[in-house]
>>> print(open('protein.cif').read())   # mmCIF, C-alpha atoms and all ligand atoms
data_upload
loop_
_atom_site.label_atom_id
_atom_site.label_comp_id
_atom_site.auth_asym_id
_atom_site.auth_seq_id
_atom_site.Cartn_x
_atom_site.Cartn_y
_atom_site.Cartn_z
CA MET Q 1 22.17 -11.53 -19.94
CA ASP Q 2 19.79 -8.94 -18.59
CA THR Q 3 19.65 -8.51 -14.86
CA PRO Q 4 16.12 -8.54 -13.45
CA TYR Q 5 16.59 -5.12 -11.82
CA ARG Q 6 18.69 -2.03 -12.35
CA ARG Q 7 21.15 -0.76 -9.70
CA TYR Q 8 22.52 2.69 -8.99
CA PRO Q 9 24.75 2.12 -5.93
CA ASP Q 10 26.20 5.65 -6.09
CA GLY Q 11 22.94 7.56 -6.51
CA LEU Q 12 21.04 8.56 -9.63
CA PRO Q 13 23.29 10.36 -12.12
CA ASP Q 14 22.45 14.06 -12.48
CA ASP Q 15 21.31 13.73 -16.09
CA LEU Q 16 18.70 11.14 -15.02
CA LEU Q 17 17.57 13.14 -12.02
CA ASP Q 18 16.94 16.11 -14.30
CA LEU Q 19 14.56 14.14 -16.53
CA GLY Q 20 10.79 14.29 -16.11
CA ASP Q 21 9.21 11.46 -14.11
CA ARG Q 22 8.07 9.39 -17.10
CA ALA Q 23 11.23 9.99 -19.13
CA LEU Q 24 13.23 8.77 -16.15
CA LEU Q 25 11.06 5.66 -15.89
CA ARG Q 26 11.66 4.92 -19.57
CA VAL Q 27 15.42 4.94 -18.94
CA LEU Q 28 15.02 2.64 -15.94
CA GLY Q 29 12.73 0.23 -17.80
CA ARG Q 30 12.61 -2.31 -14.96
CA PRO Q 31 12.59 -2.48 -11.15
CA THR Q 32 15.38 -0.31 -9.79
CA LEU Q 33 17.36 -0.03 -6.56
CA ILE Q 34 19.12 3.27 -5.90
CA ARG Q 35 21.49 3.96 -3.02
CA VAL Q 36 22.02 7.63 -2.27
CA PRO Q 37 25.25 7.68 -0.24
CA GLY Q 38 25.17 9.70 3.00
CA THR Q 39 27.76 10.52 5.63
CA GLY Q 40 27.24 7.16 7.31
CA GLU Q 41 26.73 8.51 10.85
CA GLN Q 42 23.38 6.72 11.15
CA ALA Q 43 21.90 3.42 9.96
CA PRO Q 44 20.49 3.47 6.41
CA ARG Q 45 16.83 4.26 5.62
CA ALA Q 46 14.74 3.20 2.64
CA VAL Q 47 11.84 4.59 0.62
CA VAL Q 48 9.89 2.25 -1.67
CA THR Q 49 7.71 3.48 -4.51
CA LEU Q 50 5.63 2.12 -7.39
CA LEU Q 51 5.24 -1.45 -6.15
CA HIS Q 52 1.89 -0.82 -7.79
CA GLY Q 53 2.27 0.68 -11.26
CA ASP Q 54 -0.74 2.98 -10.97
CA GLU Q 55 0.39 4.61 -7.71
CA SER Q 56 2.40 7.57 -8.94
CA THR Q 57 2.50 9.73 -5.82
CA GLY Q 58 5.44 8.02 -4.08
CA LEU Q 59 7.68 8.21 -7.14
CA GLN Q 60 6.82 11.85 -7.80
CA ALA Q 61 7.38 12.75 -4.15
CA ILE Q 62 10.75 11.03 -3.74
CA LEU Q 63 12.01 12.49 -7.02
CA ARG Q 64 11.05 15.96 -5.82
CA VAL Q 65 12.96 15.31 -2.60
CA LEU Q 66 15.99 13.80 -4.36
CA ARG Q 67 16.25 16.66 -6.87
CA ARG Q 68 17.34 18.90 -3.97
CA ARG Q 69 20.46 16.71 -3.78
CA ARG Q 70 20.68 16.82 0.02
CA ARG Q 71 23.27 14.74 1.82
CA TYR Q 72 21.81 12.82 4.77
CA PRO Q 73 23.58 11.35 7.80
CA PHE Q 74 22.60 7.91 6.48
CA ASP Q 75 22.61 6.08 3.16
CA LEU Q 76 19.17 6.32 1.59
CA TYR Q 77 17.92 3.38 -0.45
CA VAL Q 78 15.15 4.01 -2.97
CA VAL Q 79 13.21 1.23 -4.67
CA VAL Q 80 11.27 1.98 -7.85
CA GLY Q 81 9.05 -1.09 -8.26
CA ASN Q 82 6.84 -2.02 -11.18
CA VAL Q 83 8.30 0.32 -13.81
CA GLU Q 84 6.92 -1.78 -16.67
CA ALA Q 85 3.33 -1.50 -15.43
CA ALA Q 86 3.76 2.21 -14.72
CA LEU Q 87 4.91 2.87 -18.31
CA HIS Q 88 2.26 0.79 -20.05
CA GLY Q 89 -0.47 2.57 -22.04
CA PRO Q 90 -1.18 6.13 -20.93
CA GLY Q 91 1.10 5.71 -17.91
CA PHE Q 92 0.36 5.02 -14.23
CA ALA Q 93 -2.77 3.15 -15.35
CA HIS Q 94 -2.13 -0.43 -14.18
CA ARG Q 95 -1.52 -1.94 -10.75
CA TYR Q 96 0.30 -4.73 -12.61
CA LEU Q 97 0.15 -6.14 -16.14
CA ASP Q 98 -1.69 -9.28 -17.23
CA HIS Q 99 1.52 -11.30 -17.63
CA GLN Q 100 2.78 -10.19 -14.20
CA GLU Q 101 2.06 -10.92 -10.58
CA ASP Q 102 1.22 -8.19 -8.11
CA PHE Q 103 4.70 -6.82 -7.29
CA ASN Q 104 3.69 -6.32 -3.66
CA ARG Q 105 2.89 -10.04 -3.19
CA VAL Q 106 6.20 -11.65 -4.22
CA TRP Q 107 8.64 -10.76 -1.41
CA GLY Q 108 10.45 -13.34 0.71
CA LEU Q 109 9.15 -16.30 -1.32
CA ASP Q 110 12.63 -17.68 -2.18
CA ALA Q 111 13.27 -20.01 -5.16
CA PRO Q 112 12.31 -17.27 -7.66
CA THR Q 113 10.81 -18.66 -10.87
CA THR Q 114 10.19 -15.45 -12.84
CA ALA Q 115 12.05 -12.28 -13.72
CA GLN Q 116 9.75 -10.35 -11.42
CA ARG Q 117 10.41 -12.69 -8.49
CA ARG Q 118 14.17 -12.62 -9.19
CA ALA Q 119 14.04 -8.83 -9.05
CA ALA Q 120 12.22 -8.97 -5.71
CA ASP Q 121 14.68 -11.52 -4.34
CA GLY Q 122 17.74 -9.54 -5.43
CA ILE Q 123 16.45 -6.23 -4.09
CA LEU Q 124 15.39 -7.87 -0.81
CA ALA Q 125 18.83 -9.44 -0.35
CA GLU Q 126 20.50 -6.05 -0.82
CA LEU Q 127 18.10 -4.34 1.59
CA ARG Q 128 18.69 -7.08 4.18
CA ALA Q 129 22.45 -6.70 3.83
CA ALA Q 130 22.24 -2.90 4.16
CA GLY Q 131 21.43 -3.00 7.90
CA LEU Q 132 18.45 -0.66 7.54
CA GLU Q 133 17.00 1.25 10.47
CA SER Q 134 13.66 1.72 8.75
CA LEU Q 135 11.76 1.39 5.49
CA VAL Q 136 8.75 3.31 4.21
CA ASP Q 137 6.68 1.89 1.36
CA VAL Q 138 4.62 4.63 -0.30
CA HIS Q 139 1.26 3.72 -1.88
CA ASN Q 140 -1.94 5.28 -3.15
CA ASN Q 141 -5.51 4.06 -2.79
CA THR Q 142 -7.96 3.46 -5.61
CA GLY Q 143 -10.80 4.94 -3.54
CA ASP Q 144 -11.18 7.95 -1.29
CA ASN Q 145 -9.46 7.33 2.06
CA PRO Q 146 -7.84 9.57 4.62
CA PHE Q 147 -4.04 9.45 4.70
CA TYR Q 148 -3.06 6.50 6.87
CA ALA Q 149 -0.18 4.15 7.60
CA ILE Q 150 -0.18 0.36 7.72
CA VAL Q 151 1.81 -1.44 10.41
CA THR Q 152 2.47 -5.17 10.63
CA ARG Q 153 4.36 -5.08 13.93
CA MET Q 154 3.48 -3.27 17.16
CA ARG Q 155 7.06 -2.51 18.23
CA PRO Q 156 7.71 1.06 19.46
CA GLN Q 157 10.12 1.86 16.62
CA THR Q 158 7.54 0.74 14.04
CA LEU Q 159 4.78 2.88 15.62
CA ASN Q 160 7.16 5.85 15.99
CA LEU Q 161 8.04 5.54 12.30
CA ALA Q 162 4.37 5.40 11.30
CA THR Q 163 3.41 8.50 13.30
CA LEU Q 164 6.10 10.55 11.55
CA PHE Q 165 3.65 10.26 8.63
CA THR Q 166 0.19 10.13 10.26
CA SER Q 167 -1.41 8.99 13.52
CA THR Q 168 -4.18 7.07 11.70
CA LEU Q 169 -2.83 3.53 11.71
CA LEU Q 170 -4.11 0.26 10.35
CA ARG Q 171 -2.80 -2.98 11.82
CA TRP Q 172 -2.34 -5.53 9.02
CA ASP Q 173 -1.99 -9.23 9.88
CA LEU Q 174 -2.97 -10.78 6.57
CA ALA Q 175 0.50 -12.20 5.67
CA ALA Q 176 0.52 -11.19 2.01
CA CYS Q 177 4.22 -11.55 1.00
CA THR Q 178 4.68 -7.78 0.93
CA LEU Q 179 8.11 -6.15 1.08
CA MET Q 180 7.33 -4.53 4.44
CA GLU Q 181 6.45 -7.91 5.94
CA ALA Q 182 9.60 -9.56 4.55
CA LEU Q 183 11.71 -7.16 6.64
CA HIS Q 184 9.49 -6.31 9.60
CA ASP Q 185 11.22 -8.47 12.23
CA ASP Q 186 14.57 -6.70 11.81
CA VAL Q 187 13.64 -3.28 10.46
CA ALA Q 188 10.91 -0.75 11.35
CA THR Q 189 8.68 -0.92 8.27
CA VAL Q 190 5.43 0.87 7.39
CA ALA Q 191 3.34 1.40 4.31
CA VAL Q 192 2.00 4.90 3.89
CA GLU Q 193 -1.20 5.36 1.91
CA CYS Q 194 -1.35 8.79 0.29
CA GLY Q 195 -4.95 8.96 -0.97
CA LEU Q 196 -5.85 8.94 -4.65
CA PRO Q 197 -2.99 9.33 -7.16
CA GLY Q 198 -2.84 12.44 -9.35
CA ARG Q 199 -4.21 14.76 -6.68
CA PRO Q 200 -2.08 17.72 -5.56
CA GLU Q 201 -2.98 17.12 -1.90
CA SER Q 202 -1.77 13.53 -2.14
CA LEU Q 203 1.59 14.64 -3.50
CA ALA Q 204 1.90 17.49 -0.98
CA PHE Q 205 1.25 15.05 1.89
CA ALA Q 206 3.85 12.59 0.57
CA VAL Q 207 6.53 15.25 0.03
CA ASP Q 208 5.94 16.73 3.50
CA ALA Q 209 5.98 13.32 5.11
CA LEU Q 210 9.13 12.12 3.34
CA ARG Q 211 10.95 15.30 4.30
CA ARG Q 212 9.88 14.78 7.92
CA TYR Q 213 11.12 11.18 7.76
CA LEU Q 214 14.47 12.06 6.19
CA GLY Q 215 14.99 14.91 8.67
CA ALA Q 216 14.02 12.92 11.76
CA ALA Q 217 16.41 11.73 14.46
CA PRO Q 218 16.93 7.95 14.73
CA LEU Q 219 13.75 6.19 15.90
CA GLU Q 220 13.23 5.65 19.61
CA ASN Q 221 12.85 1.94 20.24
CA ASP Q 222 12.03 1.81 23.95
CA ARG Q 223 8.87 3.94 24.12
CA ILE Q 224 5.98 5.10 21.96
CA VAL Q 225 6.41 8.84 21.53
CA ARG Q 226 3.12 9.98 19.93
CA ASP Q 227 -0.53 9.08 20.47
CA LEU Q 228 -2.32 7.30 17.65
CA ASP Q 229 -5.57 5.74 16.45
CA LEU Q 230 -5.49 2.08 15.54
CA LEU Q 231 -7.82 -0.03 13.41
CA GLY Q 232 -7.28 -3.75 12.90
CA GLY Q 233 -8.84 -7.18 12.84
CA LEU Q 234 -9.02 -6.94 9.07
CA ARG Q 235 -11.30 -9.20 7.09
CA LYS Q 236 -10.81 -9.11 3.32
CA VAL Q 237 -13.94 -8.74 1.20
CA THR Q 238 -13.81 -9.94 -2.40
CA ILE Q 239 -16.42 -10.22 -5.11
CA ARG Q 240 -16.94 -13.79 -6.25
CA PRO Q 241 -15.02 -14.23 -9.54
CA GLU Q 242 -18.06 -15.22 -11.65
CA VAL Q 243 -20.06 -12.14 -10.58
CA ARG Q 244 -20.23 -9.24 -13.04
CA PHE Q 245 -20.51 -5.88 -11.31
CA ARG Q 246 -20.22 -2.13 -11.61
CA PHE Q 247 -20.18 0.91 -9.35
CA GLY Q 248 -23.38 2.97 -9.63
CA GLY Q 249 -26.20 2.79 -12.18
CA ASP Q 250 -29.18 0.47 -12.41
CA LEU Q 251 -29.24 -3.27 -12.03
CA ASP Q 252 -29.71 -4.76 -15.53
CA ASP Q 253 -28.92 -7.90 -17.55
CA GLU Q 254 -25.30 -6.77 -18.02
CA VAL Q 255 -24.39 -7.17 -14.36
CA ASP Q 256 -25.17 -9.36 -11.35
CA LEU Q 257 -24.28 -6.76 -8.74
CA VAL Q 258 -24.42 -2.98 -8.58
CA LEU Q 259 -22.36 -1.36 -5.83
CA ALA Q 260 -23.06 2.11 -4.49
CA ALA Q 261 -21.28 4.66 -6.70
CA ASP Q 262 -19.95 6.43 -3.62
CA ALA Q 263 -19.18 3.30 -1.58
CA ASP Q 264 -15.74 4.71 -0.75
CA VAL Q 265 -17.08 7.71 1.20
CA HIS Q 266 -17.47 5.42 4.21
CA ASN Q 267 -13.79 4.49 4.37
CA PHE Q 268 -12.52 4.77 7.97
CA VAL Q 269 -16.00 5.71 9.22
CA GLU Q 270 -17.98 3.21 11.29
CA VAL Q 271 -21.25 2.19 9.61
CA PRO Q 272 -24.20 0.59 11.45
CA ALA Q 273 -25.73 -2.85 10.98
CA GLY Q 274 -28.03 -2.71 7.94
CA HIS Q 275 -25.63 -0.58 5.89
CA VAL Q 276 -26.28 -1.35 2.20
CA LEU Q 277 -23.32 -2.34 0.04
CA GLY Q 278 -25.15 -3.04 -3.23
CA ARG Q 279 -28.05 -4.71 -5.03
CA VAL Q 280 -28.49 -8.10 -6.75
CA HIS Q 281 -31.22 -9.75 -8.84
CA PRO Q 282 -34.00 -11.71 -7.05
CA GLY Q 283 -32.94 -15.28 -6.28
CA SER Q 284 -29.20 -14.50 -6.27
CA ALA Q 285 -26.92 -15.73 -3.51
CA LEU Q 286 -24.44 -13.42 -1.73
CA PRO Q 287 -22.03 -12.10 -4.39
CA VAL Q 288 -19.24 -11.28 -1.91
CA ARG Q 289 -16.96 -13.29 0.28
CA ALA Q 290 -15.30 -12.20 3.54
CA CYS Q 291 -12.16 -13.88 4.78
CA ALA Q 292 -10.42 -13.54 8.16
CA ALA Q 293 -6.63 -13.34 8.48
CA ASP Q 294 -6.44 -17.06 9.25
CA GLY Q 295 -8.32 -17.89 6.04
CA ARG Q 296 -11.67 -18.63 7.73
CA ASP Q 297 -14.72 -17.75 5.63
CA VAL Q 298 -16.67 -15.23 7.71
CA THR Q 299 -19.09 -14.11 4.98
CA ASP Q 300 -22.25 -15.14 6.81
CA HIS Q 301 -21.05 -13.43 9.97
CA HIS Q 302 -20.88 -10.03 8.26
CA PHE Q 303 -23.24 -10.05 5.27
CA ALA Q 304 -26.84 -10.93 4.50
CA LEU Q 305 -29.31 -10.44 1.65
CA VAL Q 306 -32.39 -8.43 2.54
CA ASP Q 307 -34.90 -7.77 -0.28
CA GLY Q 308 -32.22 -7.95 -2.96
CA GLU Q 309 -29.82 -5.73 -1.03
CA VAL Q 310 -26.42 -6.83 0.23
CA VAL Q 311 -26.26 -5.51 3.80
CA LEU Q 312 -23.78 -5.58 6.66
CA THR Q 313 -25.17 -7.47 9.64
CA ARG Q 314 -23.12 -5.74 12.35
CA PRO Q 315 -21.45 -2.36 12.90
CA THR Q 316 -18.05 -2.21 11.25
CA THR Q 317 -15.54 0.18 9.72
CA PRO Q 318 -14.89 -0.27 5.98
CA VAL Q 319 -11.37 0.60 4.89
CA MET Q 320 -9.60 0.66 1.53
CA MET Q 321 -12.89 0.45 -0.37
CA THR Q 322 -11.99 0.90 -4.03
CA ARG Q 323 -14.02 2.62 -6.72
CA THR Q 324 -12.55 0.74 -9.69
CA VAL Q 325 -13.52 -2.65 -11.09
CA GLU Q 326 -9.88 -3.46 -11.91
CA ALA Q 327 -8.69 -2.98 -8.31
CA ALA Q 328 -11.65 -4.95 -6.96
CA ARG Q 329 -10.79 -7.81 -9.32
CA LYS Q 330 -7.01 -7.75 -8.94
CA ASP Q 331 -6.93 -7.19 -5.18
CA CYS Q 332 -10.18 -6.89 -3.25
CA LEU Q 333 -13.26 -4.72 -2.85
CA PHE Q 334 -12.45 -3.52 0.68
CA TYR Q 335 -11.61 -4.66 4.19
CA LEU Q 336 -13.78 -4.75 7.28
CA ALA Q 337 -11.93 -3.32 10.29
CA THR Q 338 -12.46 -2.91 14.04
CA ASP Q 339 -11.21 -0.20 16.43
CA LEU Q 340 -8.35 -1.49 18.55
CA PRO Q 341 -7.27 0.00 21.88
CA PRO Q 342 -4.28 2.33 21.41
CA PRO Q 343 -1.03 1.10 22.97
CA PRO Q 344 0.00 2.86 26.21
CA LEU Q 345 2.22 5.91 25.85
CA ALA Q 346 5.29 6.22 27.99
CA ALA Q 347 4.86 8.74 30.81
CA ALA Q 348 6.20 12.11 29.70
ZN ZN W 1 -0.45 -0.08 -3.50
#
>>> encode(input="protein.cif", output="structure tokens", more="lines below")
Ligand SMILES: [Zn+2]
Amino acid sequence: MDTPYRRYPDGLPDDLLDLGDRALLRVLGRPTLIRVPGTGEQAPRAVVTLLHGDESTGLQAILRVLRRRRRYPFDLYVVVGNVEAALHGPGFAHRYLDHQEDFNRVWGLDAPTTAQRRAADGILAELRAAGLESLVDVHNNTGDNPFYAIVTRMRPQTLNLATLFTSTLLRWDLAACTLMEALHDDVATVAVECGLPGRPESLAFAVDALRRYLGAAPLENDRIVRDLDLLGGLRKVTIRPEVRFRFGGDLDDEVDLVLAADADVHNFVEVPAGHVLGRVHPGSALPVRACAADGRDVTDHHFALVDGEVVLTRPTTPVMMTRTVEAARKDCLFYLATDLPPPPLAAA
């Protein structure tokens, strides 16, 4: 019987490593866990890629790093996530497929009912047993964002891991069954968001950052070593499922909502009260919904309709605004965030 994921406990064979990225994925065919053996002087580290099938940068970056065939003082685990979605159609075109769940929402659920959940369970069990020091989950955005890292714990080792990549941090407390959350109490885990996929600067950032991570000394766990900026208090904004919408263009009979074509230029920039998100037909109710981390509906706190325009009612910082209808449907439109005070640095 087929196993739900593929394993390479002794590293990727040379003939696979020499293949192009897509040819390699075709050989893998399913979620894959690779262990690149090191000298064992330090606790293992892990790099996770392609939990979303359209986010190619992490895979391309780690393959570039692995093709140098370096030996590290630790075992390196590499997860290649939703291979099936990444291969479908033109390639790297789908976050996940219609018959699948989002592969970054199925971790730590137990009692797996599907092949995808069995793969997640099996990989998670192996990562738990590995005694990891740290894990980095590499993603792309579907809209323009600066490079940033997501943290779900405020422990020094987690923050020190994040700032190896970038000092723009987003605190996430939305409990979404992600891989990083499944491990975050025992392991320093971060997600690193590398901008839009397919851009040379995204790949260059990811390669640089992974090399920094793999060359770094073990994480300090008793003090925060670098200053950082922190956004948090996330509220998830979705478009109501019955609402038809597009980015840019005129409001017509085809759609109920038109969003600004360049809505994503405000990512990580505070916008004032009155900021316009989009337009609706006269007589329409609010087409969006905002939800706090505890599930409370906070739509009316943040949004209002003024002369057919959907406006923000208080200053806020939009983050992760997408520019694709698919991402807005399958995940969300964006998050509202608030500046949080940075944690104190240890005296130098
Ligand atoms: Zn992602």
>>> residues_near_ligand(input="protein.cif", ligand="ligand ZN 1 (chain W)", cutoff="12 Å", atoms="only C-alpha atoms and all ligand atoms", output="count of residues only")
46
>>> residues_around(input="protein.cif", residues="His184 in chain Q", least_positions_apart="3", cutoff="12 Å", atoms="all atoms listed in the file", output="PyMOL selection string")
chain Q and resi 107-108+127-128+132-137+150-155+157-159+172-173+175+177-181+187-191
>>> atom_distance(input="protein.cif", atom1="CA of Tyr335 in chain Q", atom2="CA of Arg323 in chain Q")
13.3 Å
>>> residues_around(input="protein.cif", residues="Asp294 in chain Q", least_positions_apart="5", cutoff="12 Å", atoms="all atoms listed in the file", output="MDAnalysis selection string")
chainID Q and resid 173:176 233:236
>>> closest_residue(input="protein.cif", among="Q:Leu214, Q:Val80, Q:Ala304, Q:Ala125", to="Gly38 in chain Q", atoms="only C-alpha atoms")
Q:Leu214
>>> closest_residue(input="protein.cif", among="Q:Leu286, Q:Val311, Q:Leu124, Q:Ala328", to="Asp110 in chain Q", atoms="only C-alpha atoms")
Q:Leu124
>>> build_atoms(input="protein.cif", residues="range 208-235 of chain Q", atoms="N, CA and C atoms", output="mmCIF file, in the frame of the given file")
data_model
loop_
_atom_site.group_PDB
_atom_site.id
_atom_site.type_symbol
_atom_site.label_atom_id
_atom_site.label_comp_id
_atom_site.auth_asym_id
_atom_site.auth_seq_id
_atom_site.Cartn_x
_atom_site.Cartn_y
_atom_site.Cartn_z
ATOM 1 N N ASP Q 208 5.784 16.292 2.098
ATOM 2 C CA ASP Q 208 5.940 16.730 3.500
ATOM 3 C C ASP Q 208 6.426 15.590 4.373
ATOM 4 N N ALA Q 209 5.736 14.445 4.223
ATOM 5 C CA ALA Q 209 5.980 13.320 5.110
ATOM 6 C C ALA Q 209 7.378 12.734 4.872
ATOM 7 N N LEU Q 210 7.787 12.645 3.622
ATOM 8 C CA LEU Q 210 9.130 12.120 3.340
ATOM 9 C C LEU Q 210 10.204 13.057 3.874
ATOM 10 N N ARG Q 211 9.959 14.357 3.751
ATOM 11 C CA ARG Q 211 10.950 15.300 4.300
ATOM 12 C C ARG Q 211 11.031 15.173 5.819
ATOM 13 N N ARG Q 212 9.881 14.973 6.467
ATOM 14 C CA ARG Q 212 9.880 14.780 7.920
ATOM 15 C C ARG Q 212 10.686 13.516 8.278
ATOM 16 N N TYR Q 213 10.429 12.467 7.518
ATOM 17 C CA TYR Q 213 11.120 11.180 7.760
ATOM 18 C C TYR Q 213 12.630 11.332 7.576
ATOM 19 N N LEU Q 214 13.038 11.972 6.500
ATOM 20 C CA LEU Q 214 14.470 12.060 6.190
ATOM 21 C C LEU Q 214 15.177 13.068 7.106
ATOM 22 N N GLY Q 215 14.405 13.948 7.740
ATOM 23 C CA GLY Q 215 14.990 14.910 8.670
ATOM 24 C C GLY Q 215 14.904 14.484 10.118
ATOM 25 N N ALA Q 216 14.259 13.334 10.378
ATOM 26 C CA ALA Q 216 14.020 12.920 11.760
ATOM 27 C C ALA Q 216 15.257 12.292 12.384
ATOM 28 N N ALA Q 217 15.353 12.410 13.708
ATOM 29 C CA ALA Q 217 16.410 11.730 14.460
ATOM 30 C C ALA Q 217 16.155 10.221 14.387
ATOM 31 N N PRO Q 218 17.160 9.398 14.704
ATOM 32 C CA PRO Q 218 16.930 7.950 14.730
ATOM 33 C C PRO Q 218 15.717 7.601 15.603
ATOM 34 N N LEU Q 219 14.997 6.555 15.219
ATOM 35 C CA LEU Q 219 13.750 6.190 15.900
ATOM 36 C C LEU Q 219 14.019 5.747 17.337
ATOM 37 N N GLU Q 220 13.156 6.181 18.244
ATOM 38 C CA GLU Q 220 13.230 5.650 19.610
ATOM 39 C C GLU Q 220 12.649 4.246 19.612
ATOM 40 N N ASN Q 221 13.333 3.326 20.284
ATOM 41 C CA ASN Q 221 12.850 1.940 20.240
ATOM 42 C C ASN Q 221 12.427 1.404 21.601
ATOM 43 N N ASP Q 222 12.420 2.295 22.624
ATOM 44 C CA ASP Q 222 12.030 1.810 23.950
ATOM 45 C C ASP Q 222 10.739 2.429 24.452
ATOM 46 N N ARG Q 223 10.151 3.358 23.696
ATOM 47 C CA ARG Q 223 8.870 3.940 24.120
ATOM 48 C C ARG Q 223 8.130 4.490 22.903
ATOM 49 N N ILE Q 224 6.816 4.536 23.025
ATOM 50 C CA ILE Q 224 5.980 5.100 21.960
ATOM 51 C C ILE Q 224 5.859 6.597 22.224
ATOM 52 N N VAL Q 225 6.261 7.416 21.244
ATOM 53 C CA VAL Q 225 6.410 8.840 21.530
ATOM 54 C C VAL Q 225 5.191 9.686 21.162
ATOM 55 N N ARG Q 226 4.295 9.182 20.317
ATOM 56 C CA ARG Q 226 3.120 9.980 19.930
ATOM 57 C C ARG Q 226 1.858 9.134 20.033
ATOM 58 N N ASP Q 227 0.750 9.781 20.392
ATOM 59 C CA ASP Q 227 -0.530 9.080 20.470
ATOM 60 C C ASP Q 227 -1.017 8.741 19.063
ATOM 61 N N LEU Q 228 -1.898 7.749 18.980
ATOM 62 C CA LEU Q 228 -2.320 7.300 17.650
ATOM 63 C C LEU Q 228 -3.683 6.614 17.728
ATOM 64 N N ASP Q 229 -4.338 6.521 16.587
ATOM 65 C CA ASP Q 229 -5.570 5.740 16.450
ATOM 66 C C ASP Q 229 -5.253 4.482 15.672
ATOM 67 N N LEU Q 230 -5.856 3.371 16.112
ATOM 68 C CA LEU Q 230 -5.490 2.080 15.540
ATOM 69 C C LEU Q 230 -6.741 1.288 15.149
ATOM 70 N N LEU Q 231 -6.773 0.888 13.889
ATOM 71 C CA LEU Q 231 -7.820 -0.030 13.410
ATOM 72 C C LEU Q 231 -7.149 -1.355 13.070
ATOM 73 N N GLY Q 232 -7.884 -2.458 13.231
ATOM 74 C CA GLY Q 232 -7.280 -3.750 12.900
ATOM 75 C C GLY Q 232 -8.330 -4.825 12.755
ATOM 76 N N GLY Q 233 -7.913 -6.057 12.989
ATOM 77 C CA GLY Q 233 -8.840 -7.180 12.840
ATOM 78 C C GLY Q 233 -9.402 -7.261 11.433
ATOM 79 N N LEU Q 234 -8.537 -7.066 10.448
ATOM 80 C CA LEU Q 234 -9.020 -6.940 9.070
ATOM 81 C C LEU Q 234 -9.610 -8.237 8.526
ATOM 82 N N ARG Q 235 -10.729 -8.106 7.859
ATOM 83 C CA ARG Q 235 -11.300 -9.200 7.090
ATOM 84 C C ARG Q 235 -11.443 -8.725 5.638
#
